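Colleague: Have a look at this one before I ask anything.
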Amino acid sequence: MAIKISDEQRMQLEGAGMLMLPVTGGAPKRRYWTPDGRVIMMTPQIVTRKFRDGSVDQVDANYDKGWLTSPPKSPLPYCSGCDNWHDTEKEVKACVAEKAKTAARWESYGKKQLKETDSQVEIEGMRAEMSELKDMVAKLLEEKHG
């Protein structure tokens, strides 16, 4: 039997993250909000955690992702550099710049490593051998059909 609630009560329960919304053909979903204000409908990821004091409790691991049970009062800017949220746009720009600098360093390191290996010499040698093999196969075919 379904319990009837008013629209206002529904909004309050949804805002508190306490309303489990059923989805046809699947597990019930819960509404979460990201710190930047986006809404995510997801099944609660209940895990058992053991704490230092020896107590054991079941918690929703979705909260570990930074998700909230209600819309944020002051949304945080989303950072595409680290796929997380920062307190200010200045921190977002600094994070993106740092990620770009790190990527450039790794790219430089990779190019240096590539130059230090003999892979280019090996590839040129393989090309020469492949060319010789093609010529040999062409000669064999000419002798067979010629």
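Every chain in the structure tokens takes a letter, A first, then B, and so on in the order presented; its residues are numbered from 1, and the ligands are numbered from 1 following the presented order.
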Could you please write out, as a count of residues only, every residue of stretch 15-97 of chain A that DSSP assigns to alpha helix (DSSP H)?
Modeller: 10
Colleague: Near stretch 47-53 of chain A, within 12 Å and counting only C-alpha atoms, which residues show up once chain neighbours fewer than 4 positions away are dropped, as a list in words?
Modeller: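 Using only C-alpha atoms, the neighbours found are Asp57, Gln58, Val59, Asp60, Ala61, Asn62, Tyr63 and Asp64 of chain A.
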Colleague: Could you turn the residues from that selection into a file that holds N, CA and C atoms, as a PDB file, in the first residue's frame?
Modeller:
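Output file part24.pdb follows:
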```
ATOM      1  N   ASP A  57      29.724  -0.101  11.021  1.00  0.00           N
ATOM      2  CA  ASP A  57      28.528   0.608  10.599  1.00  0.00           C
ATOM      3  C   ASP A  57      28.391   0.492   9.094  1.00  0.00           C
ATOM      4  N   GLN A  58      27.171   0.585   8.603  1.00  0.00           N
ATOM      5  CA  GLN A  58      26.937   0.596   7.164  1.00  0.00           C
ATOM      6  C   GLN A  58      26.722   2.031   6.734  1.00  0.00           C
ATOM      7  N   VAL A  59      27.457   2.430   5.705  1.00  0.00           N
ATOM      8  CA  VAL A  59      27.372   3.800   5.217  1.00  0.00           C
ATOM      9  C   VAL A  59      27.219   3.789   3.697  1.00  0.00           C
ATOM     10  N   ASP A  60      26.780   4.902   3.157  1.00  0.00           N
ATOM     11  CA  ASP A  60      26.620   5.068   1.714  1.00  0.00           C
ATOM     12  C   ASP A  60      27.930   5.609   1.144  1.00  0.00           C
ATOM     13  N   ALA A  61      28.593   4.821   0.306  1.00  0.00           N
ATOM     14  CA  ALA A  61      29.885   5.212  -0.254  1.00  0.00           C
ATOM     15  C   ALA A  61      29.762   6.347  -1.266  1.00  0.00           C
ATOM     16  N   ASN A  62      28.554   6.678  -1.711  1.00  0.00           N
ATOM     17  CA  ASN A  62      28.391   7.793  -2.640  1.00  0.00           C
ATOM     18  C   ASN A  62      28.776   9.124  -1.987  1.00  0.00           C
ATOM     19  N   TYR A  63      28.682   9.191  -0.669  1.00  0.00           N
ATOM     20  CA  TYR A  63      29.075  10.417   0.024  1.00  0.00           C
ATOM     21  C   TYR A  63      30.590  10.614  -0.022  1.00  0.00           C
ATOM     22  N   ASP A  64      31.332   9.520  -0.195  1.00  0.00           N
ATOM     23  CA  ASP A  64      32.789   9.625  -0.309  1.00  0.00           C
ATOM     24  C   ASP A  64      33.195  10.337  -1.598  1.00  0.00           C
TER      25      ASP A  64
END
```
Colleague: Counting only C-alpha atoms, what is within 9 Å of stretch 89-93 of chain A, bar same-chain residues fewer than 2 positions away, as a ChimeraX atom specification?
Modeller: /A:76-82,85-87,95-98
Colleague: Would you compute the distance between atom CA of A:Gly110 and atom CA of A:Glu124? Give it in Å to one decimal.
Modeller: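 These atoms are spaced 20.3 Å apart.
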Colleague: Could you pull out all residues of chain A with a DSSP call of strand (DSSP E) and give them as a PyMOL selection string?
Modeller: chain A and resi 20-21+29-33+39-42+46-50+56-60+78-79+84-85
